[in-house]
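Colleague: Take this structure, written in structure tokens, and hold onto it; I'll ask about it next.
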Amino acid sequence: MSDDANGTNEADTTMIAAEDVEKLKKAAGERDQYLDLVKRTQAEFENYQKRMQRERELDRKYAFGPLALDLLPILDNLDRAVAAARQAGDTGPLVQGVAMVVAQFLELLKRHGITRIDCEGKPFDPNLHQAVMQQASTDVEPNTILQVIEKGFLNQDRVLRPAKVIVSAAS
């Protein structure tokens, strides 16, 4: 009876060992899946952090843009006032004071990355300019800016407001 008992015990032990091996394989597979999931989640989180950092930097870089856009009509009106006074022949202290305010205004904008788009006499660029009219001209090449109606501005490297211009056309 001891032989049968030993044989049965060995078979049971072999079966138990086979079951344990299967359990170990299954557990190792689950472990590998969880490890892969942890690695992917960690990589996604690091990418999220980098993306959020880039967005924060862009927000800081262009933060002054909306305020500047709201202030540009005031600057336009100051420019018009100085131009009208000078056209009327007035060069007194009031005109000089307003011109100084315009210069200070432009300097303030420049410190925050807002600059005017220089465009008169240059080729028309639809990325920087908005053509409001075409005018036939034999003096300059076609698609050259003849006159600036409203000055445009850049916020760092982005167009804040395109310049409204009159463009030459072939006659």
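Ordering of the structure tokens sets the chain letters (A, B, ...); residue numbers start at 1 within each chain; ligands are numbered from 1 in the order shown.
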Return as number ranges by chain the full set of residues in chain A whose backbone-based DSSP assignment is strand (DSSP E or B).
Modeller: A: 114-116, 123, 129-136, 144-150, 153-155, 158-161, 163-169
Colleague: Near Leu78 (chain A), within 9 Å and counting only C-alpha atoms, which residues show up once chain neighbours fewer than 6 positions away are dropped, as a list of chain:residue names?
Modeller: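 Counting only the stated atoms, we get A:Val98, A:Ala99, A:Val101, A:Val102.
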Colleague: For a test of reading the model, state the distance in Å between CA of Arg158 (chain A) and CA of Phe45 (chain A), rounded to one decimal.
Modeller: 29.8 Å
Colleague: Find the residues near His129 (chain A): any atom within 6 Å, counting only C-alpha atoms, skip ones fewer than 3 places away on the same chain, and give them as a PyMOL selection string.
Modeller: chain A and resi 125-126+162-164
Colleague: Deliver the residues from the most recent selection as a file, using C-alpha atoms, as an mmCIF file, in the first residue's frame.
Modeller:
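To be explicit, this is the file written out as out04.cif:
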data_model
loop_
_atom_site.group_PDB
_atom_site.id
_atom_site.type_symbol
_atom_site.label_atom_id
_atom_site.label_comp_id
_atom_site.auth_asym_id
_atom_site.auth_seq_id
_atom_site.Cartn_x
_atom_site.Cartn_y
_atom_site.Cartn_z
ATOM 1 C CA ASP A 125 2.561 89.788 -47.969
ATOM 2 C CA PRO A 126 -0.901 88.360 -47.213
ATOM 3 C CA PRO A 162 -2.438 92.923 -39.981
ATOM 4 C CA ALA A 163 -1.580 96.236 -41.624
ATOM 5 C CA LYS A 164 -4.398 97.577 -43.812
#
Colleague: Point out the residue among A:Gly152, A:Asp90, A:Val159, A:Val165 with the least atom-to-atom distance to Gly121 (chain A), counting only C-alpha atoms.
Modeller: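 Once distances to Gly121 (chain A) are computed over only C-alpha atoms, the minimum belongs to A:Val165.
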Colleague: How far is it from CA of Ile166 (chain A) to CA of Pro66 (chain A), in Å with one decimal?
Modeller: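 If I compute the distance from CA of Ile166 (chain A) to CA of Pro66 (chain A), I get 26.4 Å.
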Colleague: Extract, using only C-alpha atoms, all DNA, RNA and protein residues at most 12 Å from Ala81 (chain A), discarding same-chain residues fewer than 4 positions from it, and format them as an MDAnalysis selection string.
Modeller: chainID A and resid 74:77 85:88 90:91 94:99 101:102
Colleague: Just the number, please: distance in Å from CA of Phe64 (chain A) to CA of Met100 (chain A), one decimal.
Modeller: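 Value for the CA of Phe64 (chain A)-CA of Met100 (chain A) distance: 22.1 Å.
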Colleague: Name the closest residue to Leu69 (chain A) among the candidates A:Ile114, A:Arg40, A:Thr144, A:Ile149; distances are taken between atoms, counting only C-alpha atoms.
Modeller: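 Answer, going by the shortest atom-to-atom distance: A:Ile114.
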Colleague: So, with only C-alpha atoms as the atoms that count, which of A:Ala63, A:Ala170, A:Leu160, A:Gln130 lies closest to Pro142 (chain A)?
Modeller: A:Ala170
Colleague: With only C-alpha atoms as the atoms that count, which of A:Asp157, A:Asp70, A:Asp20, A:Asp36 lies nearest to Leu128 (chain A)?
Modeller: A:Asp157
